[in-house]
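Novice: So I've got this file, input.cif, and it contains mmCIF, C-alpha atoms:
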```cif
data_target
loop_
_atom_site.label_atom_id
_atom_site.label_comp_id
_atom_site.auth_asym_id
_atom_site.auth_seq_id
_atom_site.Cartn_x
_atom_site.Cartn_y
_atom_site.Cartn_z
CA MET A 1121 16.34 31.70 6.97
CA SER A 1122 18.55 28.70 7.63
CA ILE A 1123 17.10 25.50 9.04
CA THR A 1124 17.46 25.24 12.80
CA PRO A 1125 17.08 22.43 15.38
CA HIS A 1126 13.88 24.26 16.30
CA ASP A 1127 12.56 23.59 12.77
CA GLU A 1128 13.62 19.94 12.88
CA ARG A 1129 11.88 19.43 16.22
CA PHE A 1130 8.54 20.72 14.93
CA MET A 1131 8.86 18.84 11.65
CA ALA A 1132 9.56 15.62 13.55
CA ALA A 1133 6.33 16.23 15.47
CA ALA A 1134 4.44 16.84 12.21
CA ILE A 1135 5.79 13.58 10.76
CA ARG A 1136 4.71 11.64 13.85
CA LEU A 1137 1.28 13.23 13.55
CA SER A 1138 1.04 12.24 9.87
CA ARG A 1139 1.27 8.55 10.78
CA TRP A 1140 -1.98 8.66 12.74
CA HIS A 1141 -4.11 8.10 9.65
CA LEU A 1142 -1.85 5.92 7.50
CA GLY A 1143 -3.98 3.65 5.32
CA ARG A 1144 -7.15 5.55 6.16
CA THR A 1145 -7.07 8.58 3.82
CA ALA A 1146 -8.17 6.84 0.59
CA THR A 1147 -6.01 7.90 -2.37
CA ASN A 1148 -4.73 11.02 -0.63
CA PRO A 1149 -1.56 10.93 1.46
CA SER A 1150 -1.73 11.19 5.23
CA VAL A 1151 -0.11 14.58 5.84
CA GLY A 1152 0.72 16.25 9.15
CA CYS A 1153 0.65 20.02 9.69
CA LEU A 1154 1.56 22.21 12.66
CA ILE A 1155 0.99 25.97 12.95
CA VAL A 1156 3.60 27.46 15.29
CA ARG A 1157 3.69 31.00 16.64
CA ASP A 1158 6.46 32.25 18.93
CA GLY A 1159 7.56 28.67 19.58
CA VAL A 1160 4.07 27.51 20.60
CA ILE A 1161 1.85 25.13 18.58
CA VAL A 1162 -1.43 26.97 17.97
CA GLY A 1163 -2.89 24.56 15.39
CA ARG A 1164 -2.30 20.96 14.40
CA ALA A 1165 -3.99 18.42 12.16
CA VAL A 1166 -3.59 15.29 10.07
CA THR A 1167 -5.41 14.60 6.80
CA ALA A 1168 -8.92 13.53 7.75
CA LEU A 1169 -10.23 10.00 7.38
CA GLY A 1170 -11.23 9.44 3.77
CA GLY A 1171 -8.75 12.11 2.61
CA HIS A 1172 -10.74 15.32 3.22
CA PRO A 1173 -10.34 17.91 4.57
CA HIS A 1174 -6.59 18.25 4.20
CA ALA A 1175 -4.27 18.78 7.14
CA GLU A 1176 -3.40 22.42 6.38
CA THR A 1177 -6.97 23.71 6.30
CA GLN A 1178 -7.83 21.96 9.56
CA ALA A 1179 -4.71 23.23 11.34
CA LEU A 1180 -5.31 26.78 10.10
CA ALA A 1181 -8.93 26.69 11.27
CA GLU A 1182 -7.76 25.60 14.73
CA ALA A 1183 -5.17 28.37 14.86
CA GLY A 1184 -7.59 31.03 13.63
CA ALA A 1185 -6.23 34.58 13.92
CA LEU A 1186 -3.07 33.25 15.55
CA ALA A 1187 -2.00 31.86 12.17
CA ARG A 1188 -1.14 35.38 10.93
CA GLY A 1189 2.61 35.77 11.06
CA ALA A 1190 3.09 32.15 12.19
CA THR A 1191 5.13 29.29 10.69
CA ALA A 1192 3.44 26.25 9.15
CA TYR A 1193 5.26 22.91 9.23
CA VAL A 1194 3.91 20.55 6.58
CA THR A 1195 5.16 17.05 5.74
CA LEU A 1196 4.18 17.35 2.03
CA GLU A 1197 4.16 20.36 -0.28
CA PRO A 1198 0.75 22.08 -0.01
CA CYS A 1199 -1.50 21.39 -2.97
CA SER A 1200 -1.94 24.10 -5.59
CA HIS A 1201 -4.87 22.77 -7.62
CA HIS A 1202 -8.62 22.63 -7.17
CA GLY A 1203 -9.94 19.14 -6.41
CA LYS A 1204 -12.68 18.34 -3.93
CA THR A 1205 -11.31 21.21 -1.83
CA PRO A 1206 -9.62 24.55 -2.70
CA PRO A 1207 -5.80 24.59 -2.81
CA CYS A 1208 -4.11 24.48 0.58
CA SER A 1209 -1.53 26.99 -0.68
CA GLU A 1210 -4.34 29.53 -1.08
CA ALA A 1211 -5.54 28.85 2.46
CA LEU A 1212 -2.04 29.42 3.89
CA ILE A 1213 -1.86 32.72 1.99
CA ALA A 1214 -5.33 33.80 3.08
CA TYR A 1215 -4.56 33.18 6.77
CA GLY A 1216 -1.43 35.32 6.54
CA VAL A 1217 1.16 32.70 7.43
CA ALA A 1218 4.64 34.22 7.28
CA ARG A 1219 6.70 31.08 6.67
CA VAL A 1220 6.10 27.53 5.47
CA VAL A 1221 8.53 24.68 6.19
CA ILE A 1222 8.11 21.58 4.01
CA SER A 1223 9.63 18.13 4.37
CA VAL A 1224 8.88 16.57 0.93
CA ALA A 1225 8.04 18.11 -2.45
CA ASP A 1226 4.93 16.61 -4.06
CA PRO A 1227 5.77 14.55 -7.20
CA ASP A 1228 2.25 14.95 -8.60
CA PRO A 1229 2.99 16.79 -11.89
CA ARG A 1230 0.06 19.15 -11.25
CA VAL A 1231 1.45 20.13 -7.86
CA SER A 1232 5.21 19.67 -7.88
CA GLY A 1233 6.80 23.06 -7.32
CA ARG A 1234 3.58 24.98 -7.98
CA GLY A 1235 2.50 25.05 -4.35
CA ILE A 1236 5.90 26.39 -3.34
CA ALA A 1237 5.83 28.95 -6.16
CA MET A 1238 2.37 30.21 -5.13
CA LEU A 1239 3.53 30.73 -1.57
CA ARG A 1240 6.71 32.56 -2.56
CA GLU A 1241 4.86 34.77 -5.04
CA ALA A 1242 2.63 35.82 -2.13
CA GLY A 1243 5.69 36.91 -0.14
CA ILE A 1244 5.76 33.86 2.16
CA GLU A 1245 9.17 32.47 3.06
CA VAL A 1246 9.45 28.78 2.13
CA ASP A 1247 12.06 26.25 3.27
CA THR A 1248 12.04 22.71 1.92
CA GLY A 1249 13.74 19.37 2.56
CA VAL A 1250 13.56 19.48 6.36
CA LEU A 1251 13.91 15.90 7.66
CA GLU A 1252 13.26 14.79 4.09
CA ALA A 1253 14.37 11.18 4.60
CA GLU A 1254 11.98 10.77 7.52
CA GLY A 1255 9.21 12.52 5.60
CA ARG A 1256 9.66 10.30 2.55
CA HIS A 1257 9.51 7.24 4.78
CA SER A 1258 6.15 8.29 6.22
CA LEU A 1259 4.84 9.07 2.71
CA ALA A 1260 6.33 5.96 1.08
CA ALA A 1261 3.02 4.55 -0.17
CA TYR A 1262 1.89 7.81 -1.76
CA LEU A 1263 5.28 8.51 -3.33
CA THR A 1264 5.56 5.00 -4.78
CA ARG A 1265 2.10 5.14 -6.31
CA GLN A 1266 2.80 8.56 -7.80
CA THR A 1267 6.25 7.89 -9.22
CA LYS A 1268 6.04 4.16 -10.09
CA ASN A 1269 2.32 3.68 -10.76
CA ARG A 1270 2.06 0.83 -8.27
CA PRO A 1271 1.55 0.27 -4.54
CA TYR A 1272 4.40 0.24 -2.05
CA VAL A 1273 4.96 -3.46 -1.32
CA THR A 1274 5.89 -4.85 2.09
CA LEU A 1275 6.83 -8.53 2.39
CA LYS A 1276 6.28 -9.96 5.87
CA LEU A 1277 7.79 -13.30 6.85
CA ALA A 1278 7.88 -15.11 10.19
CA VAL A 1279 10.72 -17.63 10.20
CA SER A 1280 11.42 -20.37 12.74
CA ALA A 1281 14.82 -21.13 14.23
CA ASP A 1282 15.30 -23.87 11.62
CA GLY A 1283 14.42 -21.57 8.70
CA MET A 1284 10.79 -22.57 8.12
CA ILE A 1285 7.63 -20.51 7.68
CA GLY A 1286 5.15 -23.33 8.27
CA ARG A 1287 4.53 -27.06 8.10
CA GLU A 1288 3.02 -28.89 5.12
CA GLY A 1289 -0.59 -29.92 5.67
CA ALA A 1290 -0.77 -28.31 9.12
CA GLY A 1291 -2.68 -25.15 8.25
CA GLN A 1292 -1.76 -22.06 10.22
CA VAL A 1293 1.24 -22.65 12.47
CA ALA A 1294 2.05 -20.14 15.21
CA ILE A 1295 5.71 -19.18 14.83
CA THR A 1296 5.85 -15.82 16.60
CA GLY A 1297 4.48 -14.95 20.01
CA PRO A 1298 1.57 -12.66 20.95
CA GLU A 1299 3.66 -9.47 21.04
CA ALA A 1300 4.88 -9.92 17.47
CA ARG A 1301 1.41 -10.91 16.26
CA ALA A 1302 0.00 -7.73 17.77
CA GLN A 1303 2.58 -5.72 15.84
CA VAL A 1304 1.50 -7.40 12.61
CA GLN A 1305 -2.09 -6.40 13.35
CA ALA A 1306 -0.93 -2.79 13.61
CA LEU A 1307 0.83 -3.13 10.24
CA ARG A 1308 -2.35 -4.47 8.63
CA ALA A 1309 -4.32 -1.55 10.05
CA GLU A 1310 -2.16 1.00 8.24
CA THR A 1311 -2.03 -0.90 4.93
CA ASP A 1312 -4.53 -0.62 2.07
CA ALA A 1313 -4.48 -4.27 0.99
CA ILE A 1314 -3.08 -7.67 1.99
CA LEU A 1315 -2.23 -10.45 -0.48
CA VAL A 1316 -1.83 -14.24 -0.25
CA GLY A 1317 -1.64 -17.11 -2.75
CA ILE A 1318 -4.47 -19.57 -3.29
CA GLY A 1319 -2.44 -22.35 -1.64
CA THR A 1320 -2.28 -20.37 1.60
CA ALA A 1321 -5.93 -19.33 1.29
CA ILE A 1322 -7.06 -22.96 1.03
CA THR A 1323 -4.62 -24.57 3.46
CA ASP A 1324 -4.75 -21.96 6.23
CA ASP A 1325 -8.29 -20.59 5.64
CA PRO A 1326 -7.14 -17.20 7.01
CA LEU A 1327 -9.37 -14.23 7.79
CA LEU A 1328 -6.67 -11.58 7.09
CA THR A 1329 -8.53 -8.87 9.00
CA VAL A 1330 -7.38 -6.62 11.84
CA ARG A 1331 -8.35 -8.24 15.11
CA THR A 1332 -7.03 -5.61 17.53
CA PRO A 1333 -9.99 -4.27 19.54
CA GLY A 1334 -11.00 -0.87 18.24
CA LEU A 1335 -9.14 -1.24 14.93
CA GLU A 1336 -11.37 -3.81 13.25
CA SER A 1337 -12.77 -1.19 10.86
CA GLN A 1338 -9.25 -0.61 9.51
CA SER A 1339 -8.99 -4.09 8.01
CA PRO A 1340 -7.31 -4.01 4.58
CA ILE A 1341 -8.76 -5.22 1.29
CA ARG A 1342 -7.98 -8.95 1.01
CA ILE A 1343 -6.47 -10.18 -2.27
CA VAL A 1344 -5.95 -13.82 -3.32
CA LEU A 1345 -3.89 -14.94 -6.33
CA ASP A 1346 -6.41 -17.49 -7.56
CA PRO A 1347 -5.85 -18.33 -11.24
CA SER A 1348 -8.60 -20.95 -11.50
CA LEU A 1349 -11.18 -19.47 -9.10
CA ALA A 1350 -10.60 -22.26 -6.62
CA LEU A 1351 -11.32 -20.23 -3.46
CA PRO A 1352 -13.96 -22.25 -1.55
CA LEU A 1353 -17.31 -20.57 -1.01
CA THR A 1354 -17.13 -21.84 2.59
CA SER A 1355 -13.81 -20.11 3.27
CA LYS A 1356 -13.62 -17.35 5.86
CA LEU A 1357 -12.59 -14.92 3.16
CA VAL A 1358 -15.70 -15.53 1.05
CA GLU A 1359 -18.04 -15.70 4.03
CA THR A 1360 -16.90 -12.23 5.17
CA ALA A 1361 -16.54 -10.61 1.74
CA ARG A 1362 -19.52 -8.32 2.30
CA GLN A 1363 -18.00 -7.00 5.51
CA VAL A 1364 -14.39 -6.60 4.30
CA PRO A 1365 -13.68 -6.52 0.54
CA VAL A 1366 -12.09 -9.54 -1.16
CA ILE A 1367 -10.53 -9.55 -4.62
CA VAL A 1368 -9.50 -12.77 -6.34
CA VAL A 1369 -6.97 -12.43 -9.15
CA ALA A 1370 -7.95 -14.94 -11.83
CA SER A 1371 -5.99 -16.03 -14.87
CA GLU A 1372 -6.97 -14.38 -18.13
CA GLU A 1373 -7.41 -17.92 -19.45
CA VAL A 1374 -10.65 -18.19 -17.46
CA TRP A 1375 -12.10 -14.88 -18.70
CA PRO A 1376 -15.89 -15.44 -18.85
CA LEU A 1377 -17.31 -16.64 -22.14
CA SER A 1378 -20.14 -14.13 -21.84
CA SER A 1379 -17.86 -11.09 -21.49
CA ASP A 1380 -17.79 -8.17 -23.89
CA ALA A 1381 -15.31 -7.64 -26.72
CA GLU A 1382 -15.69 -11.20 -28.05
CA GLY A 1383 -14.51 -12.74 -24.81
CA LEU A 1384 -11.04 -11.20 -24.87
CA PRO A 1385 -9.24 -10.90 -21.51
CA PRO A 1386 -8.34 -7.44 -20.13
CA SER A 1387 -4.71 -7.59 -21.32
CA ALA A 1388 -5.99 -7.76 -24.90
CA LEU A 1389 -8.07 -4.63 -24.48
CA PRO A 1390 -6.10 -1.34 -24.34
CA GLY A 1391 -6.60 0.53 -21.11
CA ILE A 1392 -8.68 -2.13 -19.33
CA PHE A 1393 -7.32 -3.80 -16.23
CA LEU A 1394 -10.21 -4.96 -14.08
CA THR A 1395 -13.75 -6.19 -14.55
CA GLY A 1396 -15.71 -4.56 -11.75
CA GLY A 1397 -17.01 -1.05 -11.18
CA GLU A 1398 -14.95 1.97 -12.16
CA ILE A 1399 -11.85 -0.12 -12.69
CA GLY A 1400 -13.09 -1.68 -15.88
CA LYS A 1401 -13.32 1.61 -17.73
CA ARG A 1402 -11.54 2.10 -21.02
CA ARG A 1403 -9.11 4.99 -21.02
CA ASP A 1404 -6.43 6.60 -23.16
CA PRO A 1405 -3.21 4.76 -22.26
CA ASN A 1406 -1.24 7.99 -22.76
CA SER A 1407 -3.30 10.04 -20.34
CA PRO A 1408 -2.82 10.16 -16.56
CA VAL A 1409 -5.18 8.33 -14.24
CA SER A 1410 -6.84 10.56 -11.66
CA ASP A 1411 -9.01 9.95 -8.65
CA GLY A 1412 -10.95 13.12 -9.36
CA ASP A 1413 -8.98 15.11 -6.80
CA GLY A 1414 -5.83 15.80 -8.69
CA PHE A 1415 -4.18 12.43 -8.03
CA ALA A 1416 -2.28 11.64 -11.21
CA LEU A 1417 -0.63 8.33 -12.00
CA ARG A 1418 2.12 7.79 -14.52
CA GLN A 1419 1.74 5.04 -17.07
CA ASP A 1420 5.25 3.51 -16.82
CA VAL A 1421 3.74 0.26 -15.61
CA ARG A 1422 6.96 -1.69 -15.81
CA GLN A 1423 9.21 0.78 -13.98
CA GLY A 1424 11.28 -1.05 -11.43
CA ALA A 1425 9.91 -4.42 -12.49
CA ASN A 1426 11.36 -7.48 -14.12
CA PRO A 1427 10.13 -7.43 -17.76
CA ASP A 1428 10.56 -11.18 -18.17
CA PRO A 1429 7.54 -13.44 -17.57
CA ILE A 1430 7.34 -15.02 -14.14
CA SER A 1431 6.80 -18.75 -14.25
CA PRO A 1432 3.63 -20.16 -12.65
CA LEU A 1433 3.77 -21.15 -9.01
CA VAL A 1434 3.87 -24.93 -8.99
CA GLY A 1435 1.36 -26.30 -6.52
CA GLU A 1436 -0.75 -23.13 -6.46
CA ILE A 1437 -2.73 -23.76 -9.65
CA PRO A 1438 -5.69 -26.01 -8.85
CA GLY A 1439 -8.62 -26.52 -11.18
CA ARG A 1440 -8.42 -25.68 -14.85
CA ALA A 1441 -4.68 -24.99 -14.83
CA GLU A 1442 -4.25 -28.71 -14.17
CA GLY A 1443 -6.61 -29.65 -16.97
CA GLY A 1444 -9.68 -29.69 -14.72
CA ALA A 1445 -12.72 -27.43 -14.91
CA SER A 1446 -14.40 -26.43 -18.17
CA PRO A 1447 -15.13 -22.81 -19.22
CA ALA A 1448 -18.75 -23.31 -18.13
CA ASP A 1449 -17.54 -24.42 -14.70
CA MET A 1450 -15.40 -21.30 -14.51
CA ASP A 1451 -18.38 -19.10 -15.30
CA SER A 1452 -20.31 -20.87 -12.57
CA ARG A 1453 -17.51 -20.36 -10.04
CA ARG A 1454 -17.19 -16.70 -10.96
CA ALA A 1455 -20.93 -16.15 -10.60
CA ALA A 1456 -20.97 -17.87 -7.20
CA LEU A 1457 -18.04 -15.84 -5.91
CA GLU A 1458 -19.52 -12.57 -7.15
CA ALA A 1459 -22.88 -13.46 -5.62
CA ALA A 1460 -21.07 -13.80 -2.29
CA GLY A 1461 -19.60 -10.32 -2.67
CA VAL A 1462 -16.16 -11.24 -4.02
CA GLU A 1463 -14.70 -9.12 -6.82
CA VAL A 1464 -13.00 -11.05 -9.64
CA LEU A 1465 -10.03 -9.38 -11.30
CA TYR A 1466 -8.78 -10.91 -14.55
CA CYS A 1467 -5.07 -10.17 -14.66
CA ASN A 1468 -2.23 -12.72 -14.87
CA PRO A 1469 -1.47 -13.57 -11.23
CA TYR A 1470 2.12 -14.41 -12.14
CA HIS A 1471 2.95 -11.00 -13.57
CA PRO A 1472 3.08 -8.63 -10.58
CA GLU A 1473 4.53 -5.93 -12.83
CA VAL A 1474 1.08 -5.84 -14.48
CA LEU A 1475 -1.02 -6.64 -11.43
CA LEU A 1476 0.40 -3.89 -9.23
CA PRO A 1477 -0.47 -1.01 -11.61
CA ALA A 1478 -3.97 -2.50 -11.90
CA LEU A 1479 -4.26 -2.32 -8.11
CA ALA A 1480 -3.00 1.27 -8.18
CA THR A 1481 -5.91 2.24 -10.43
CA ARG A 1482 -8.11 0.74 -7.73
CA GLY A 1483 -6.76 3.30 -5.24
CA ILE A 1484 -4.45 0.85 -3.45
CA SER A 1485 -1.24 2.62 -2.44
CA SER A 1486 0.21 0.06 -0.02
CA LEU A 1487 0.21 -3.73 -0.24
CA LEU A 1488 1.24 -6.30 2.36
CA VAL A 1489 2.35 -9.66 0.92
CA GLU A 1490 1.82 -12.03 3.81
CA GLY A 1491 1.03 -15.55 2.65
CA GLY A 1492 2.95 -18.36 0.99
CA ALA A 1493 6.62 -19.03 0.23
CA LYS A 1494 5.85 -19.25 -3.49
CA THR A 1495 3.98 -15.96 -3.53
CA ALA A 1496 6.78 -14.27 -1.58
CA ARG A 1497 9.33 -15.64 -4.06
CA LEU A 1498 7.21 -14.35 -6.96
CA PHE A 1499 7.39 -10.75 -5.77
CA LEU A 1500 11.06 -11.02 -4.78
CA GLU A 1501 12.07 -12.42 -8.17
CA ALA A 1502 10.12 -9.66 -9.92
CA GLY A 1503 12.07 -7.03 -7.95
CA LEU A 1504 8.83 -5.50 -6.68
CA VAL A 1505 9.31 -5.65 -2.92
CA ASP A 1506 10.07 -2.30 -1.27
CA ARG A 1507 10.30 -3.36 2.37
CA ILE A 1508 10.98 -6.67 4.08
CA GLN A 1509 9.82 -7.37 7.62
CA LEU A 1510 11.60 -10.51 8.78
CA TYR A 1511 10.48 -11.97 12.10
CA GLN A 1512 12.82 -14.59 13.56
CA ALA A 1513 11.46 -16.79 16.34
CA PRO A 1514 13.01 -19.48 18.59
CA VAL A 1515 10.31 -22.01 17.59
CA VAL A 1516 11.53 -25.14 15.73
CA ILE A 1517 9.22 -26.56 13.02
CA GLY A 1518 11.09 -29.78 12.28
CA GLU A 1519 9.87 -32.39 9.80
CA ARG A 1520 7.72 -31.36 6.80
CA GLY A 1521 8.67 -27.74 7.30
CA ILE A 1522 8.11 -25.22 4.51
CA GLU A 1523 11.41 -23.49 3.85
CA SER A 1524 11.47 -19.69 3.96
CA PRO A 1525 12.26 -17.99 0.64
CA LEU A 1526 14.89 -15.90 2.43
CA ASP A 1527 16.57 -15.31 5.77
CA ALA A 1528 18.83 -12.66 7.28
CA THR A 1529 21.86 -14.05 5.43
CA ASP A 1530 20.47 -13.75 1.89
CA ILE A 1531 18.56 -10.46 1.75
CA PRO A 1532 18.50 -9.31 -1.91
CA SER A 1533 20.91 -6.62 -3.01
CA GLY A 1534 19.56 -3.09 -2.92
CA PHE A 1535 18.01 -3.42 0.53
CA ALA A 1536 19.42 -1.60 3.54
CA HIS A 1537 18.94 -2.85 7.09
CA THR A 1538 16.98 -0.09 8.81
CA SER A 1539 16.02 -1.43 12.23
CA THR A 1540 16.00 -4.31 14.71
CA LEU A 1541 13.24 -4.62 17.30
CA MET A 1542 12.39 -7.26 19.87
CA PHE A 1543 8.85 -8.39 20.59
CA GLY A 1544 9.02 -10.84 23.46
CA GLU A 1545 11.38 -13.57 22.27
CA ASP A 1546 10.91 -12.69 18.61
CA ARG A 1547 13.29 -10.47 16.65
CA LEU A 1548 12.10 -8.20 13.83
CA ASP A 1549 14.65 -7.04 11.27
CA GLU A 1550 13.46 -4.52 8.72
CA TYR A 1551 15.06 -3.89 5.33
CA GLU A 1552 14.11 -1.21 2.82
CA ARG A 1553 14.96 -0.04 -0.67
CA GLY A 1554 15.51 3.64 -1.28
CA LEU A 1555 12.48 5.50 -2.61
#
```
Write the structure described by the file as structure tokens, please.
Specialist:
Amino acid sequence: MSITPHDERFMAAAIRLSRWHLGRTATNPSVGCLIVRDGVIVGRAVTALGGHPHAETQALAEAGALARGATAYVTLEPCSHHGKTPPCSEALIAYGVARVVISVADPDPRVSGRGIAMLREAGIEVDTGVLEAEGRHSLAAYLTRQTKNRPYVTLKLAVSADGMIGREGAGQVAITGPEARAQVQALRAETDAILVGIGTAITDDPLLTVRTPGLESQSPIRIVLDPSLALPLTSKLVETARQVPVIVVASEEVWPLSSDAEGLPPSALPGIFLTGGEIGKRRDPNSPVSDGDGFALRQDVRQGANPDPISPLVGEIPGRAEGGASPADMDSRRAALEAAGVEVLYCNPYHPEVLLPALATRGISSLLVEGGAKTARLFLEAGLVDRIQLYQAPVVIGERGIESPLDATDIPSGFAHTSTLMFGEDRLDEYERGL
């Protein structure tokens, strides 16, 4: 059967539905599914919070007997393997669905093509690639983590009329208006983690949570590039670490003296990236990483990244990097941060091509880089930004302004302008790389 406008209309609805739970389905993608019989939607669902149950099984349960002979519209190829739940392809077969329309094939090597093959072998008609560009956009975080072994990275910048993103020594400076700030809160709510440099963390003392009423529980993990463990214990981030997770990325040079393996940092130990919990496990570097539900990660940790070392961020290296604190002081700082609920990750903060795969093993599929011109420049120079959100406001910063690392006239090559939106007096231009 050829693809019709009828198919595109229902797939567009399934894609819109899939966005409901972005950033809230753990390591699983947020998938939308519609069951349609005789042009009427008889079942619909999005992947549940936490990732289970999947969209297909929920939509089929809602449709019940009406699913027999119906068409299922699914934004991602139905799974074909047993994880925490049985394969969705088996459920579609068991309910007697006559046709399945898919937007995006699943790149997971244990799924890719197998779900489609199972359906066709059962006599079900399958059509793929319907509104694929739109489907890939909604699944960008999942697809990036699967194919590049790193989170999908969004860089957000708010730039004044005179090209500044802040003022030296002034702490947080409001550049955009309330409408734009509300939009940023929505972006945080659908993102797994948010990252700033230690300079921003100290100067601005940000909270980095979602403050929109009703969405507070969707606050992302907060990450600080903090090579010398300089984050103050009195900062808002530390004081709220037990409510919303905080990870500080420390230099391997301050790896604790009391650590295992003769005090070697993680980069010297094959297969070890992080120090806390399940992340610090040793593994075979040639085997895929899995979340226990069939979520495989490739090990090409440098794909799409600049292999050359990134130079340290001048002005963002307090403490030992300036010849200050001793190893014993570092151990004391680490212990104090961990006692407050902060997780310490030992991984060179200036090598995002190594840091991002380490975050992927943590289950982070999407990352918002929001703080500091130097940190923004770090990710841009490494070639590891996938989307740029550039807010331009009529506010003038004037003297002692901090210059933006980019503006609308010098967007890096490889990015396409995808949209322009107005929020009050502020303009948002969005640029994206192809997936």
Novice: Could you spell out the hits of the PyMOL selection byres ((chain A and resi 1533) around 12) on the shown file, as an MDAnalysis selection string?
Specialist: chainID A and resid 1500:1501 1503 1505:1506 1529:1532 1534:1537 1551:1554
Novice: Could you list the residues chosen by the PyMOL selection byres ((chain A and resi 1196-1202) around 9) in this structure as a ChimeraX atom specification?
Specialist: /A:1149,1151-1153,1176,1194-1195,1203-1210,1212,1221-1226,1230-1236,1238,1248,1255-1256,1259,1413-1414
Novice: Within 9 Å of Trp1140 in chain A, counting only C-alpha atoms, which residues qualify if same-chain residues fewer than 5 places away don't, as an NGL selection string?
Specialist: :A and (1150 or 1152 or 1166 or 1310)
Novice: I'd like the neighbourhood of Val1344 in chain A as a list in words, where a residue qualifies if any of its atoms comes within 9 Å (using only C-alpha atoms), though same-chain residues fewer than 2 positions away should be ignored.
Specialist: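 Selected residues are Ile1314, Leu1315, Val1316, Gly1317, Ile1318, Thr1320, Ala1321, Arg1342, Asp1346, Leu1351, Val1366, Ile1367, Val1368, Val1369 and Ala1370 of chain A.
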Novice: Go through A:Val1293, A:Val1515, A:Ala1313, A:Leu1457 and flag the residue nearest Ala1261 in chain A, using only C-alpha atoms for the distances.
Specialist: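 Among A:Val1293, A:Val1515, A:Ala1313, A:Leu1457, it is A:Ala1313 that comes nearest to Ala1261 in chain A.
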Novice: Mind telling me what the PyMOL selection byres ((chain A and resi 1289) around 12) catches here, as a list of chain:residue names?
Specialist: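 Expected selection for the PyMOL selection byres ((chain A and resi 1289) around 12) here is A:Gly1286, A:Arg1287, A:Glu1288, A:Ala1290, A:Gly1291, A:Gln1292, A:Val1293, A:Gly1319, A:Thr1320, A:Ile1322, A:Thr1323, A:Asp1324, A:Glu1519, A:Arg1520, A:Gly1521, A:Ile1522.
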Novice: Work out how far apart CA of Arg1164 in chain A and CA of Ile1213 in chain A are and give it in Å to one decimal.
Specialist: 17.1 Å
Novice: Pick out the residues sitting within 7 Å of Ile1484 in chain A, and hand them over as a PyMOL selection string; count all atoms listed in the file, and ignore anything fewer than 5 positions along from it in its own chain.
Specialist: chain A and resi 1271+1312-1313+1479
Novice: Just give me the gap between CA of Gly1518 in chain A and CA of Thr1329 in chain A in Å, one decimal is fine.
Specialist: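 That distance, rounded to one decimal, is 28.9 Å.
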Novice: Using all atoms listed in the file, find all polymer residues with an atom at most 8 Å away from the point (11.0, -11.6, 11.1); report them as a list in words.
Specialist: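 Collected hits near the coordinates: Lys1276, Leu1277, Ala1278, Val1279, Gln1509, Leu1510, Tyr1511, Gln1512, Ala1513, Asp1546, Arg1547, Leu1548, Asp1549 and Glu1550 of chain A.
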Novice: Would you save the residues of that selection, restricted to C-alpha atoms, as a short mmCIF file (atom, residue, chain, number, x, y, z; two decimals), in the frame of the given file?
Specialist:
```cif
data_model
loop_
_atom_site.label_atom_id
_atom_site.label_comp_id
_atom_site.auth_asym_id
_atom_site.auth_seq_id
_atom_site.Cartn_x
_atom_site.Cartn_y
_atom_site.Cartn_z
CA LYS A 1276 6.28 -9.96 5.87
CA LEU A 1277 7.79 -13.30 6.85
CA ALA A 1278 7.88 -15.11 10.19
CA VAL A 1279 10.72 -17.63 10.20
CA GLN A 1509 9.82 -7.37 7.62
CA LEU A 1510 11.60 -10.51 8.78
CA TYR A 1511 10.48 -11.97 12.10
CA GLN A 1512 12.82 -14.59 13.56
CA ALA A 1513 11.46 -16.79 16.34
CA ASP A 1546 10.91 -12.69 18.61
CA ARG A 1547 13.29 -10.47 16.65
CA LEU A 1548 12.10 -8.20 13.83
CA ASP A 1549 14.65 -7.04 11.27
CA GLU A 1550 13.46 -4.52 8.72
#
```
Novice: Kindly give the distance, in Å, that separates CA of Ala1190 in chain A and CA of Leu1251 in chain A, rounded to a single decimal.
Specialist: 20.0 Å
Novice: Identify which of the residues A:Arg1482, A:Lys1356, A:Arg1301, A:Arg1188 lies closest to Leu1465 in chain A, counting all atoms listed in the file when measuring atom-to-atom distances.
Specialist: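 For Leu1465 in chain A, the nearest of the candidates is A:Arg1482.
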Novice: Determine the nearest neighbour of Ser1348 in chain A from the options A:Thr1360, A:Ser1446, A:Gln1305, A:Ser1371, counting only C-alpha atoms.
Specialist: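 Nearest candidate to Ser1348 in chain A out of A:Thr1360, A:Ser1446, A:Gln1305, A:Ser1371: A:Ser1371.
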Novice: I'd like to know which of A:Thr1538, A:Asn1269, A:Gln1363, A:Gln1303 is closest to Val1474 in chain A, using all atoms listed in the file.
Specialist: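 Nearest to Val1474 in chain A: A:Asn1269.
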Novice: When you count all atoms listed in the file, which of these residues is closest to Pro1472 in chain A: A:Met1542, A:Ala1168, A:Leu1345, A:Val1358?
Specialist: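 Ranked by minimum distance to Pro1472 in chain A, first place goes to A:Leu1345.
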Novice: Which residue gives the smallest distance to Asp1527 in chain A among A:Gly1283, A:Gly1159, A:Gly1184, A:Gly1243, with all atoms listed in the file counted?
Specialist: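 Ranked by minimum distance to Asp1527 in chain A, first place goes to A:Gly1283.
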Novice: May I have the residues at most 9 Å from (17.1, -25.1, 9.5) in the file's coordinates, counting all atoms listed in the file, as a PyMOL selection string?
Specialist: chain A and resi 1280-1284+1516-1518+1523
